[in-house]
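Shown next: run.pdb, given as PDB, C-alpha atoms.
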ATOM      1  CA  MET B 116     140.376  40.110  61.730
ATOM      2  CA  SER B 117     138.609  38.187  58.947
ATOM      3  CA  ILE B 118     140.606  35.630  56.965
ATOM      4  CA  LEU B 119     138.116  35.667  54.093
ATOM      5  CA  PRO B 120     139.613  37.357  51.001
ATOM      6  CA  LYS B 121     136.339  39.039  50.038
ATOM      7  CA  LYS B 122     132.658  39.095  50.992
ATOM      8  CA  ASN B 123     129.349  40.016  49.381
ATOM      9  CA  GLU B 124     126.857  42.485  50.849
ATOM     10  CA  LEU B 125     125.622  39.841  53.322
ATOM     11  CA  GLY B 126     129.118  39.055  54.549
ATOM     12  CA  PHE B 127     129.460  35.726  52.712
ATOM     13  CA  PHE B 128     132.263  34.227  50.654
ATOM     14  CA  GLU B 129     130.479  31.896  48.218
ATOM     15  CA  ILE B 130     131.527  28.883  46.146
ATOM     16  CA  ARG B 131     129.556  26.955  43.527
ATOM     17  CA  LEU B 132     130.567  23.529  42.260
ATOM     18  CA  GLU B 133     129.233  22.548  38.819
ATOM     19  CA  SER B 134     129.283  18.824  38.120
ATOM     20  CA  ILE B 135     127.368  15.784  36.950
ATOM     21  CA  GLY B 136     125.969  12.929  38.994
ATOM     22  CA  GLY B 137     128.629  10.371  39.843
ATOM     23  CA  LEU B 138     131.695  12.621  40.173
ATOM     24  CA  GLY B 139     131.244  13.326  43.891
ATOM     25  CA  ALA B 140     130.570  17.093  43.889
ATOM     26  CA  ASN B 141     127.942  16.710  46.626
ATOM     27  CA  LEU B 142     130.447  15.014  48.949
ATOM     28  CA  ALA B 143     133.161  17.504  47.962
ATOM     29  CA  GLY B 144     130.926  20.402  48.997
ATOM     30  CA  LYS B 145     130.198  18.781  52.365
ATOM     31  CA  MET B 146     133.883  18.153  53.038
ATOM     32  CA  LEU B 147     134.830  21.687  51.947
ATOM     33  CA  ALA B 148     132.290  23.256  54.329
ATOM     34  CA  GLU B 149     133.266  20.913  57.172
ATOM     35  CA  ALA B 150     136.959  21.747  56.871
ATOM     36  CA  GLY B 151     136.271  25.504  56.973
ATOM     37  CA  VAL B 152     133.896  25.297  59.934
ATOM     38  CA  LEU B 153     135.695  22.757  62.124
ATOM     39  CA  GLY B 154     139.226  23.609  61.101
ATOM     40  CA  LEU B 155     139.148  27.411  60.917
ATOM     41  CA  GLY B 156     136.207  28.359  63.139
ATOM     42  CA  LEU B 157     134.255  29.962  60.291
ATOM     43  CA  ASN B 158     130.503  29.815  60.036
ATOM     44  CA  GLY B 159     129.508  27.880  56.955
ATOM     45  CA  SER B 160     126.759  26.032  55.164
ATOM     46  CA  ASN B 161     126.539  23.536  52.336
ATOM     47  CA  PHE B 162     123.695  22.112  50.300
ATOM     48  CA  SER B 163     123.278  20.703  46.821
ATOM     49  CA  SER B 164     120.845  20.700  43.945
ATOM     50  CA  TYR B 165     120.781  17.437  42.016
ATOM     51  CA  GLY B 166     117.273  16.767  40.751
ATOM     52  CA  SER B 167     116.699  13.086  40.106
ATOM     53  CA  GLU B 168     120.232  12.085  41.255
ATOM     54  CA  LYS B 169     120.658  10.241  37.965
ATOM     55  CA  LYS B 170     124.224   9.589  36.888
ATOM     56  CA  GLY B 171     125.159  12.104  34.224
ATOM     57  CA  SER B 172     122.564  14.702  35.236
ATOM     58  CA  PRO B 173     123.778  18.219  36.115
ATOM     59  CA  VAL B 174     124.559  18.725  39.815
ATOM     60  CA  LYS B 175     125.313  21.895  41.746
ATOM     61  CA  SER B 176     126.864  22.051  45.209
ATOM     62  CA  PHE B 177     126.929  25.317  47.157
ATOM     63  CA  VAL B 178     129.255  26.434  49.961
ATOM     64  CA  ARG B 179     128.975  29.633  52.017
ATOM     65  CA  TYR B 180     131.598  30.865  54.465
ATOM     66  CA  CYS B 181     131.347  33.829  56.802
ATOM     67  CA  ASP B 182     133.017  35.107  59.952
ATOM     68  CA  ALA B 183     132.115  33.461  63.262
ATOM     69  CA  ASP B 184     130.086  36.490  64.396
ATOM     70  CA  THR B 185     127.928  36.496  61.229
ATOM     71  CA  GLU B 186     124.782  34.387  61.143
ATOM     72  CA  ILE B 187     123.767  32.563  57.976
ATOM     73  CA  ARG B 188     120.109  33.267  57.343
ATOM     74  CA  ASP B 189     120.260  32.896  53.566
ATOM     75  CA  HIS B 190     119.652  29.375  52.267
ATOM     76  CA  SER B 191     119.023  30.204  48.614
ATOM     77  CA  PRO B 192     121.271  28.796  45.854
ATOM     78  CA  VAL B 193     124.553  30.620  45.248
ATOM     79  CA  GLU B 194     123.887  32.851  42.239
ATOM     80  CA  GLN B 195     126.892  35.199  42.377
ATOM     81  CA  PRO B 196     129.855  33.074  43.482
ATOM     82  CA  HIS B 197     133.398  34.236  44.076
ATOM     83  CA  VAL B 198     134.758  30.833  43.005
ATOM     84  CA  ILE B 199     133.338  28.203  40.623
ATOM     85  CA  GLY B 200     134.602  24.644  40.279
ATOM     86  CA  VAL B 201     133.716  22.830  37.033
ATOM     87  CA  PHE B 202     134.107  19.057  37.455
ATOM     88  CA  HIS B 203     133.346  18.028  33.848
ATOM     89  CA  GLU B 204     133.964  19.830  30.556
ATOM     90  CA  ALA B 205     130.811  18.464  28.901
ATOM     91  CA  LEU B 206     128.785  20.760  31.160
ATOM     92  CA  TYR B 207     129.642  23.639  28.798
ATOM     93  CA  LYS B 208     127.067  22.207  26.364
ATOM     94  CA  MET B 209     124.256  21.899  28.912
ATOM     95  CA  VAL B 210     124.783  24.613  31.517
ATOM     96  CA  ASP B 211     126.114  28.165  31.630
ATOM     97  CA  VAL B 212     128.621  27.204  34.303
ATOM     98  CA  VAL B 213     130.001  30.750  34.823
ATOM     99  CA  SER B 214     126.565  32.354  35.196
ATOM    100  CA  GLY B 215     126.678  35.013  37.911
ATOM    101  CA  LEU B 216     130.464  34.856  38.419
ATOM    102  CA  ASP B 217     132.023  37.779  40.290
ATOM    103  CA  ALA B 218     133.918  40.168  37.974
ATOM    104  CA  ASP B 219     137.296  39.199  39.422
ATOM    105  CA  GLY B 220     136.203  35.681  40.332
ATOM    106  CA  ILE B 221     138.058  32.410  39.870
ATOM    107  CA  VAL B 222     136.986  29.458  37.721
ATOM    108  CA  LEU B 223     138.617  26.066  38.278
ATOM    109  CA  VAL B 224     138.125  23.568  35.426
ATOM    110  CA  ASN B 225     138.927  19.868  35.214
ATOM    111  CA  THR B 226     140.652  19.793  31.819
ATOM    112  CA  LYS B 227     143.879  19.018  30.013
ATOM    113  CA  ARG B 228     143.417  21.793  27.399
ATOM    114  CA  ASP B 229     145.142  25.161  27.209
ATOM    115  CA  PHE B 230     143.827  28.250  28.991
ATOM    116  CA  ASP B 231     142.731  30.260  25.962
ATOM    117  CA  SER B 232     140.580  27.507  24.419
ATOM    118  CA  VAL B 233     138.888  26.843  27.773
ATOM    119  CA  LYS B 234     138.318  30.582  28.261
ATOM    120  CA  LYS B 235     136.674  30.805  24.840
ATOM    121  CA  ASP B 236     134.344  27.859  25.482
ATOM    122  CA  LEU B 237     133.351  29.220  28.883
ATOM    123  CA  GLY B 238     132.591  32.655  27.478
ATOM    124  CA  LEU B 239     134.865  34.094  30.151
ATOM    125  CA  ASP B 240     135.922  37.698  29.553
ATOM    126  CA  TYR B 241     138.227  38.315  32.490
ATOM    127  CA  GLY B 242     139.155  37.017  35.915
ATOM    128  CA  THR B 243     141.334  34.069  36.932
ATOM    129  CA  LEU B 244     141.173  30.686  35.225
ATOM    130  CA  ALA B 245     142.636  27.623  36.950
ATOM    131  CA  THR B 246     143.010  24.217  35.284
ATOM    132  CA  VAL B 247     143.891  20.756  36.577
ATOM    133  CA  ASP B 248     143.746  17.350  34.898
ATOM    134  CA  ALA B 249     141.716  15.839  37.741
ATOM    135  CA  LEU B 250     140.553  12.904  35.622
ATOM    136  CA  LYS B 251     144.113  11.805  34.910
ATOM    137  CA  ILE B 252     145.034  12.077  38.591
ATOM    138  CA  ALA B 253     141.947  10.104  39.658
ATOM    139  CA  ASN B 254     142.598   7.359  37.103
ATOM    140  CA  GLU B 255     146.227   6.990  38.134
ATOM    141  CA  GLU B 256     145.444   6.927  41.852
ATOM    142  CA  LYS B 257     142.257   4.834  41.379
ATOM    143  CA  THR B 258     140.123   7.398  43.201
ATOM    144  CA  LYS B 259     137.507   9.946  42.120
ATOM    145  CA  VAL B 260     137.678  13.325  40.467
ATOM    146  CA  ASN B 261     136.236  15.113  43.511
ATOM    147  CA  THR B 262     139.318  14.644  45.713
ATOM    148  CA  ALA B 263     141.663  15.996  43.028
ATOM    149  CA  MET B 264     139.330  18.966  42.546
ATOM    150  CA  LEU B 265     139.325  19.578  46.300
ATOM    151  CA  GLY B 266     143.127  19.737  46.242
ATOM    152  CA  ALA B 267     143.039  22.267  43.405
ATOM    153  CA  LEU B 268     140.335  24.277  45.200
ATOM    154  CA  TYR B 269     142.508  24.442  48.300
ATOM    155  CA  ARG B 270     145.334  25.919  46.258
ATOM    156  CA  THR B 271     142.808  28.414  44.883
ATOM    157  CA  LEU B 272     141.342  29.221  48.322
ATOM    158  CA  ASP B 273     144.622  29.994  50.049
ATOM    159  CA  PHE B 274     142.918  31.009  53.326
ATOM    160  CA  LEU B 275     142.023  27.351  53.943
ATOM    161  CA  ASP B 276     144.378  24.902  55.670
ATOM    162  CA  PRO B 277     145.225  21.828  53.511
ATOM    163  CA  GLU B 278     146.115  19.795  56.594
ATOM    164  CA  GLU B 279     142.598  20.225  57.913
ATOM    165  CA  MET B 280     141.159  18.812  54.689
ATOM    166  CA  LYS B 281     143.437  15.791  55.007
ATOM    167  CA  ASN B 282     141.940  15.231  58.459
ATOM    168  CA  VAL B 283     138.451  15.440  56.973
ATOM    169  CA  ILE B 284     139.436  12.900  54.291
ATOM    170  CA  ARG B 285     140.652  10.528  57.007
ATOM    171  CA  LYS B 286     137.435  10.943  59.020
ATOM    172  CA  THR B 287     135.289  10.432  55.916
ATOM    173  CA  PHE B 288     136.901   7.181  54.755
ATOM    174  CA  GLU B 289     138.669   5.510  57.698
ATOM    175  CA  LYS B 290     135.673   3.695  59.205
ATOM    176  CA  LYS B 291     134.016   2.162  56.125
ATOM    177  CA  TYR B 292     136.798   2.356  53.547
ATOM    178  CA  PRO B 293     140.180   2.528  55.321
ATOM    179  CA  HIS B 294     141.999   1.368  52.170
ATOM    180  CA  PHE B 295     140.828   4.554  50.412
ATOM    181  CA  VAL B 296     142.425   6.950  52.913
ATOM    182  CA  GLU B 297     145.985   7.106  51.569
ATOM    183  CA  PRO B 298     145.042   7.081  47.829
ATOM    184  CA  ASN B 299     142.642   9.982  48.429
ATOM    185  CA  ILE B 300     145.239  11.948  50.369
ATOM    186  CA  ARG B 301     147.705  11.432  47.505
ATOM    187  CA  THR B 302     145.000  12.524  45.047
ATOM    188  CA  PHE B 303     144.321  15.649  47.124
ATOM    189  CA  GLU B 304     148.030  16.513  47.267
ATOM    190  CA  ARG B 305     148.466  16.022  43.514
ATOM    191  CA  GLY B 306     145.471  18.254  42.782
ATOM    192  CA  TYR B 307     146.970  20.894  45.075
ATOM    193  CA  ASN B 308     150.392  20.736  43.418
ATOM    194  CA  GLU B 309     149.386  20.258  39.762
ATOM    195  CA  VAL B 310     146.794  23.024  39.361
ATOM    196  CA  THR B 311     147.894  25.946  37.154
ATOM    197  CA  PHE B 312     146.566  29.518  36.936
ATOM    198  CA  LYS B 313     146.221  32.296  34.399
ATOM    199  CA  THR B 314     144.746  35.712  35.185
ATOM    200  CA  TYR B 315     143.023  37.816  32.532
ATOM    201  CA  GLU B 316     143.088  41.508  33.441
ATOM    202  CA  VAL B 317     139.832  42.844  34.836
ATOM    203  CA  PRO B 318     139.029  46.278  33.353
ATOM    204  CA  VAL B 319     138.024  49.143  35.637
ATOM    205  CA  GLY B 320     134.284  49.103  36.276
ATOM    206  CA  ALA B 321     133.840  45.523  35.077
ATOM    207  CA  LYS B 322     130.546  43.979  36.181
ATOM    208  CA  SER B 323     129.795  40.484  37.404
ATOM    209  CA  LYS B 324     128.211  38.091  34.928
ATOM    210  CA  GLU B 325     124.433  38.143  34.972
ATOM    211  CA  PHE B 326     122.884  35.073  36.543
ATOM    212  CA  THR B 327     120.325  33.300  34.373
ATOM    213  CA  ARG B 328     117.909  30.607  35.451
ATOM    214  CA  ILE B 329     117.054  27.806  33.039
ATOM    215  CA  GLN B 330     113.367  27.999  32.165
ATOM    216  CA  PRO B 331     111.237  24.994  31.159
ATOM    217  CA  ARG B 332     110.205  24.821  27.512
ATOM    218  CA  LEU B 333     106.537  24.542  28.477
ATOM    219  CA  GLY B 334     105.220  26.294  31.576
ATOM    220  CA  TYR B 335     102.370  28.464  32.841
ATOM    221  CA  GLU B 336     102.968  31.197  30.284
ATOM    222  CA  THR B 337     104.287  29.121  27.368
ATOM    223  CA  GLN B 338     101.948  26.105  27.365
ATOM    224  CA  VAL B 339      99.316  26.092  24.603
ATOM    225  CA  ILE B 340      95.660  26.496  25.581
ATOM    226  CA  GLY B 341      94.109  23.264  26.782
ATOM    227  CA  GLY B 342      97.358  21.769  28.046
ATOM    228  CA  ILE B 343      98.057  19.942  24.792
ATOM    229  CA  ILE B 344     101.483  18.341  24.610
ATOM    230  CA  THR B 345     102.725  18.979  21.076
ATOM    231  CA  ALA B 346     105.490  16.347  21.193
ATOM    232  CA  GLN B 347     105.195  12.944  22.805
ATOM    233  CA  ALA B 348     107.410  12.131  25.764
ATOM    234  CA  ASN B 349     110.919  11.177  24.638
ATOM    235  CA  SER B 350     114.562  11.620  25.523
ATOM    236  CA  ILE B 351     115.760  12.549  22.034
ATOM    237  CA  GLN B 352     117.169  15.880  23.167
ATOM    238  CA  LYS B 353     118.984  14.306  26.123
ATOM    239  CA  ASP B 354     122.772  14.614  25.928
ATOM    240  CA  LEU B 355     124.521  11.832  27.846
ATOM    241  CA  SER B 356     128.041  12.913  26.908
ATOM    242  CA  GLY B 357     128.422  14.418  30.357
ATOM    243  CA  SER B 358     128.214  10.929  31.856
ATOM    244  CA  ARG B 359     131.457   9.804  30.252
ATOM    245  CA  LEU B 360     134.400   9.637  32.610
ATOM    246  CA  GLY B 361     137.117  10.105  30.039
ATOM    247  CA  PHE B 362     136.669   7.030  27.807
ATOM    248  CA  LEU B 363     134.447   6.099  24.856
ATOM    249  CA  PRO B 364     134.237   3.366  22.195
ATOM    250  CA  GLU B 365     136.128   3.877  18.944
ATOM    251  CA  TYR B 366     134.453   2.329  15.887
ATOM    252  CA  LYS B 367     136.585   0.722  13.144
ATOM    253  CA  ALA B 368     134.271   0.022  10.233
ATOM    254  CA  ASP B 369     136.763  -2.157   8.322
ATOM    255  CA  SER B 370     136.715  -4.778  11.091
ATOM    256  CA  CYS B 371     132.945  -4.778  11.666
ATOM    257  CA  ILE B 372     130.919  -7.894  10.758
ATOM    258  CA  HIS B 373     127.569  -6.174  11.559
ATOM    259  CA  CYS B 374     126.545  -8.878  14.036
ATOM    260  CA  ALA B 375     124.682  -6.383  16.292
ATOM    261  CA  ALA B 376     126.219  -7.804  19.471
ATOM    262  CA  CYS B 377     127.104  -4.237  20.451
ATOM    263  CA  ASP B 378     123.551  -3.020  19.889
ATOM    264  CA  THR B 379     122.191  -5.856  22.022
ATOM    265  CA  VAL B 380     124.110  -4.769  25.117
ATOM    266  CA  CYS B 381     123.957  -0.985  24.586
ATOM    267  CA  PRO B 382     121.617   0.550  27.201
ATOM    268  CA  ASP B 383     121.203   3.879  25.417
ATOM    269  CA  TYR B 384     120.438   3.262  21.737
ATOM    270  CA  CYS B 385     123.795   4.632  20.563
ATOM    271  CA  PHE B 386     124.361   2.582  17.410
ATOM    272  CA  VAL B 387     123.051   3.822  14.067
ATOM    273  CA  TRP B 388     122.070   1.299  11.384
ATOM    274  CA  GLU B 389     121.129   1.548   7.734
ATOM    275  CA  GLU B 390     119.590  -0.942   5.358
ATOM    276  CA  GLY B 391     121.702  -2.331   2.545
ATOM    277  CA  GLU B 392     122.462  -5.477   0.575
ATOM    278  CA  ASP B 393     125.108  -8.075   1.220
ATOM    279  CA  LYS B 394     127.323  -9.639  -1.494
ATOM    280  CA  ARG B 395     124.498 -11.955  -2.550
ATOM    281  CA  GLY B 396     121.971  -9.161  -2.897
ATOM    282  CA  ARG B 397     120.118 -10.007   0.294
ATOM    283  CA  LYS B 398     118.805  -7.182   2.471
ATOM    284  CA  GLN B 399     120.734  -6.651   5.677
ATOM    285  CA  MET B 400     121.249  -3.967   8.303
ATOM    286  CA  PHE B 401     124.732  -2.460   8.364
ATOM    287  CA  LEU B 402     126.260  -0.533  11.246
ATOM    288  CA  LYS B 403     126.811   3.028  10.133
ATOM    289  CA  GLY B 404     128.419   4.456  13.287
ATOM    290  CA  ILE B 405     127.850   5.700  16.832
ATOM    291  CA  ASP B 406     125.685   8.594  17.960
ATOM    292  CA  TYR B 407     127.933   9.838  20.762
ATOM    293  CA  GLN B 408     125.197  12.175  22.028
ATOM    294  CA  TYR B 409     123.650   9.167  23.779
ATOM    295  CA  CYS B 410     126.889   7.363  24.725
ATOM    296  CA  LYS B 411     127.724   7.504  28.428
ATOM    297  CA  GLY B 412     130.949   5.529  28.075
ATOM    298  CA  CYS B 413     129.874   2.311  29.795
ATOM    299  CA  LEU B 414     132.016   0.361  27.236
ATOM    300  CA  LYS B 415     129.766  -2.728  27.395
ATOM    301  CA  CYS B 416     129.807  -2.809  23.593
ATOM    302  CA  ILE B 417     133.572  -3.372  23.580
ATOM    303  CA  ASP B 418     133.249  -6.473  25.765
ATOM    304  CA  ALA B 419     130.499  -7.819  23.495
ATOM    305  CA  CYS B 420     132.246  -7.188  20.164
ATOM    306  CA  PRO B 421     133.662 -10.452  18.742
ATOM    307  CA  THR B 422     136.181  -8.589  16.554
ATOM    308  CA  ASP B 423     138.347  -5.534  17.110
ATOM    309  CA  ALA B 424     135.790  -3.224  15.475
ATOM    310  CA  LEU B 425     135.204  -1.528  18.827
ATOM    311  CA  ALA B 426     138.016  -0.459  21.140
ATOM    312  CA  ASP B 427     138.153   1.786  24.167
ATOM    313  CA  MET B 428     139.983   5.084  23.805
ATOM    314  CA  GLU B 429     140.666   8.052  26.018
ATOM    315  CA  GLU B 430     138.328  10.803  24.900
ATOM    316  CA  THR B 431     139.957  13.869  23.400
ATOM    317  CA  PHE B 432     138.129  17.156  23.087
ATOM    318  CA  GLY B 433     136.119  17.325  19.855
ATOM    319  CA  TYR B 434     136.508  13.637  18.912
ATOM    320  CA  ALA B 435     132.877  12.736  19.621
ATOM    321  CA  ASP B 436     131.538  15.700  17.633
ATOM    322  CA  GLU B 437     133.783  14.973  14.647
ATOM    323  CA  ASN B 438     132.985  11.238  14.513
ATOM    324  CA  GLN B 439     129.335  11.266  15.554
ATOM    325  CA  VAL B 440     126.794   9.612  13.261
ATOM    326  CA  LYS B 441     123.426  11.094  14.123
ATOM    327  CA  HIS B 442     120.178   9.202  14.456
ATOM    328  CA  ASN B 443     117.252  10.264  12.303
ATOM    329  CA  PHE B 444     113.836  10.454  13.977
ATOM    330  CA  PRO B 445     111.433  11.388  11.151
ATOM    331  CA  LEU B 446     108.245  10.452  12.995
ATOM    332  CA  VAL B 447     108.735  12.698  16.015
ATOM    333  CA  THR B 448     106.363  15.648  16.122
ATOM    334  CA  GLY B 449     107.285  19.120  17.247
ATOM    335  CA  GLY B 450     109.874  19.686  14.532
ATOM    336  CA  VAL B 451     112.602  17.417  15.993
ATOM    337  CA  LYS B 452     114.448  15.222  13.513
TER     338      LYS B 452
END
Serialized structure, structure tokens:
Amino acid sequence: MSILPKKNELGFFEIRLESIGGLGANLAGKMLAEAGVLGLGLNGSNFSSYGSEKKGSPVKSFVRYCDADTEIRDHSPVEQPHVIGVFHEALYKMVDVVSGLDADGIVLVNTKRDFDSVKKDLGLDYGTLATVDALKIANEEKTKVNTAMLGALYRTLDFLDPEEMKNVIRKTFEKKYPHFVEPNIRTFERGYNEVTFKTYEVPVGAKSKEFTRIQPRLGYETQVIGGIITAQANSIQKDLSGSRLGFLPEYKADSCIHCAACDTVCPDYCFVWEEGEDKRGRKQMFLKGIDYQYCKGCLKCIDACPTDALADMEETFGYADENQVKHNFPLVTGGVK
């Protein structure tokens, strides 16, 4: 008798992990598949899609389970998952993380916010929403978000054996990083125990969400004749907010002496300046604020600041949008300003 709670037409139970580079979703997917295959005798596969592997870039990790007598001949990305794990809230801005979700599927989100606000941002109509503050757990245990998310996923996937995952954690870390074994097991257990659930009733006849693929702005059908690039290469539209791991710099204008020490060490052109005059009427550049779109939370600026004009703070939802001072790029072609 199958232990899988449900299957698609090919006999698979499918999971998709949505994350950003640096949070360990790739490793989490490998460990999740390994625990199901070696611990429960299921057939399974895992692979990831992570482009350039740059920290902060969107990452997807896919896991397929099926019964031992079913062969896995499908190696395409998981487009209609039964369970989705969202490792970072900033992904809402960049990716439709619930694309293709089964009608009565489960979404697990790393967040400290309430269910209804998360549901609204996800565009989730019905199904089960699970939340866990994986970042808080990881910070307190000095580990990574992925282990806390694995614990929460195991509570969500109740057909899996948590003890088997603990064995996988030991095997993964004990040779190279033995001092990480116990903190990661504690992180896993806290994720398992601290996850909370809320189910939104699924109406009769409800359909799964349609899966949509992100299309390039310029391709075979959309490129202008002659292959002319209408806007020079730039990263103006890049949003690095997904790279932040829970902290960002807070700017206090009253304490700023406009020395530009912060701008000197900033790797991502975050600080916005404007020309003005000092008390003697001399022209000078004054710091106007921070464009949080490009801030990845490295906090180098705080170490460089000679005053208390910059301080680290735990990021709260909406703070960056409310306090962002945008750059102006008037010379960029293609209508971007």
*Computed interatomic separation between CA of Phe128 (chain B) and CA of Leu157 (chain B) (Å)*: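 Those two atoms sit 10.7 Å apart.
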*Can you tell me, as a VMD selection string, which residues sit within 10 Å of (124.9, -1.8, 24.0) in the file's frame, using all atoms listed in the file?*
chain B and resid 375 to 386 410 413 to 420
_Within 12 Å of (139.3, 28.7, 65.6) (file coordinates; all atoms listed in the file), which protein or nucleic acid residues are there? I'd like them as a ChimeraX atom specification._
/B:117-118,150-158,182-183,276,279
Would you output that residue set with C-alpha atoms, as an mmCIF file, in the frame of the given file?
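Resulting contents of out.cif:
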data_model
loop_
_atom_site.group_PDB
_atom_site.id
_atom_site.type_symbol
_atom_site.label_atom_id
_atom_site.label_comp_id
_atom_site.auth_asym_id
_atom_site.auth_seq_id
_atom_site.Cartn_x
_atom_site.Cartn_y
_atom_site.Cartn_z
ATOM 1 C CA SER B 117 138.609 38.187 58.947
ATOM 2 C CA ILE B 118 140.606 35.630 56.965
ATOM 3 C CA ALA B 150 136.959 21.747 56.871
ATOM 4 C CA GLY B 151 136.271 25.504 56.973
ATOM 5 C CA VAL B 152 133.896 25.297 59.934
ATOM 6 C CA LEU B 153 135.695 22.757 62.124
ATOM 7 C CA GLY B 154 139.226 23.609 61.101
ATOM 8 C CA LEU B 155 139.148 27.411 60.917
ATOM 9 C CA GLY B 156 136.207 28.359 63.139
ATOM 10 C CA LEU B 157 134.255 29.962 60.291
ATOM 11 C CA ASN B 158 130.503 29.815 60.036
ATOM 12 C CA ASP B 182 133.017 35.107 59.952
ATOM 13 C CA ALA B 183 132.115 33.461 63.262
ATOM 14 C CA ASP B 276 144.378 24.902 55.670
ATOM 15 C CA GLU B 279 142.598 20.225 57.913
#
_12 Å contact set for Asp240 (chain B), all atoms listed in the file, chain neighbours under 3 positions out, as a ChimeraX atom specification_ = /B:213,216-222,231,233-237,243-244,314-318,321-324
*Run the PyMOL selection byres ((chain B and resi 327) around 8) mentally over the shown coordinates, then write out the matched residues as a list of chain:residue names, using the chain letters and numbers from the document.*
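Matching residues under the PyMOL selection byres ((chain B and resi 327) around 8) are B:Ser214, B:Gly215, B:Glu325, B:Phe326, B:Arg328, B:Ile329.
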*Tell me which protein, DNA and RNA residues are within 8 Å of region 421-429 of chain B, counting all atoms listed in the file, leaving out same-chain ones fewer than 2 positions away, and put them as a ChimeraX atom specification.*
/B:361-372,376,414,416-417,419,431
*In Å, rounded to a single decimal, give me how far CA of Asn438 (chain B) is from CA of Ile405 (chain B).*
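Here the two named atoms are 7.9 Å from each other.
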Quick one: residues within 7 Å of region 133-148 of chain B, all atoms listed in the file, excluding same-chain residues fewer than 4 positions away - as a compact mmCIF listing (two decimals) with C-alpha atoms, keeping the file's coordinate frame?
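Wrote it out as selection-v6.txt, contents follow:
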# COMPACT_ATOMS: atom_id res chain seq x y z
CA VAL B 152 133.90 25.30 59.93
CA GLY B 159 129.51 27.88 56.96
CA SER B 160 126.76 26.03 55.16
CA ASN B 161 126.54 23.54 52.34
CA SER B 163 123.28 20.70 46.82
CA GLU B 168 120.23 12.08 41.26
CA LYS B 169 120.66 10.24 37.97
CA LYS B 170 124.22 9.59 36.89
CA GLY B 171 125.16 12.10 34.22
CA SER B 172 122.56 14.70 35.24
CA PRO B 173 123.78 18.22 36.12
CA VAL B 174 124.56 18.73 39.82
CA LYS B 175 125.31 21.90 41.75
CA SER B 176 126.86 22.05 45.21
CA PHE B 177 126.93 25.32 47.16
CA VAL B 178 129.26 26.43 49.96
CA GLY B 200 134.60 24.64 40.28
CA VAL B 201 133.72 22.83 37.03
CA PHE B 202 134.11 19.06 37.46
CA HIS B 203 133.35 18.03 33.85
CA VAL B 212 128.62 27.20 34.30
CA LYS B 259 137.51 9.95 42.12
CA VAL B 260 137.68 13.32 40.47
CA ASN B 261 136.24 15.11 43.51
CA LEU B 265 139.32 19.58 46.30
CA VAL B 283 138.45 15.44 56.97
CA GLY B 357 128.42 14.42 30.36
_On this structure, the PyMOL selection byres ((chain B and resi 387-397) around 10) would catch which residues? List them as an NGL selection string, sorted by chain and number._
:B and (373 or 375 or 378 or 384-386 or 398-406 or 439-443)
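In this structure, CA of Arg301 (chain B) sits 25.0 Å away from CA of Ser358 (chain B).
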_Just checking: using only C-alpha atoms, which residue out of B:Phe162, B:Phe288, B:Tyr207, B:Tyr407 ends up closest to Asp189 (chain B)?_
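Nearest to Asp189 (chain B): B:Phe162.
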_What would the selection look like, as a ChimeraX atom specification, if the PyMOL selection byres ((chain B and resi 247) around 12) were run on the coordinates I just shared?_
/B:200-204,222-230,233,244-246,248-253,260-268,270-271,302-303,305-313
*asked:* Nearest residue to Gln195 (chain B) out of B:Asp354, B:Glu129, B:Glu255, B:Asp211, using all atoms listed in the file?
replied: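 The shortest atom-to-atom distance to Gln195 (chain B) comes from B:Glu129.
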C-alpha atoms of region 384-407 of chain B from block above, as a CSV table (one decimal), in the first residue's frame:
chain,number,residue,atom,x,y,z
B,384,TYR,CA,25.6,51.6,-5.6
B,385,CYS,CA,22.9,51.9,-2.9
B,386,PHE,CA,23.5,55.4,-1.7
B,387,VAL,CA,21.7,58.4,-3.3
B,388,TRP,CA,23.3,61.8,-3.4
B,389,GLU,CA,22.2,65.3,-4.3
B,390,GLU,CA,24.1,68.5,-4.9
B,391,GLY,CA,23.7,71.3,-2.4
B,392,GLU,CA,25.6,74.1,-0.6
B,393,ASP,CA,27.2,73.9,2.8
B,394,LYS,CA,26.9,76.7,5.4
B,395,ARG,CA,29.6,78.8,3.6
B,396,GLY,CA,27.8,78.5,0.3
B,397,ARG,CA,30.2,76.0,-1.2
B,398,LYS,CA,28.9,73.3,-3.4
B,399,GLN,CA,28.9,69.8,-1.8
B,400,MET,CA,27.2,66.5,-2.3
B,401,PHE,CA,24.8,65.5,0.5
B,402,LEU,CA,23.5,62.0,1.2
B,403,LYS,CA,19.8,61.9,0.5
B,404,GLY,CA,19.1,58.3,1.5
B,405,ILE,CA,19.4,54.6,0.5
B,406,ASP,CA,17.9,52.9,-2.6
B,407,TYR,CA,17.0,49.6,-0.9
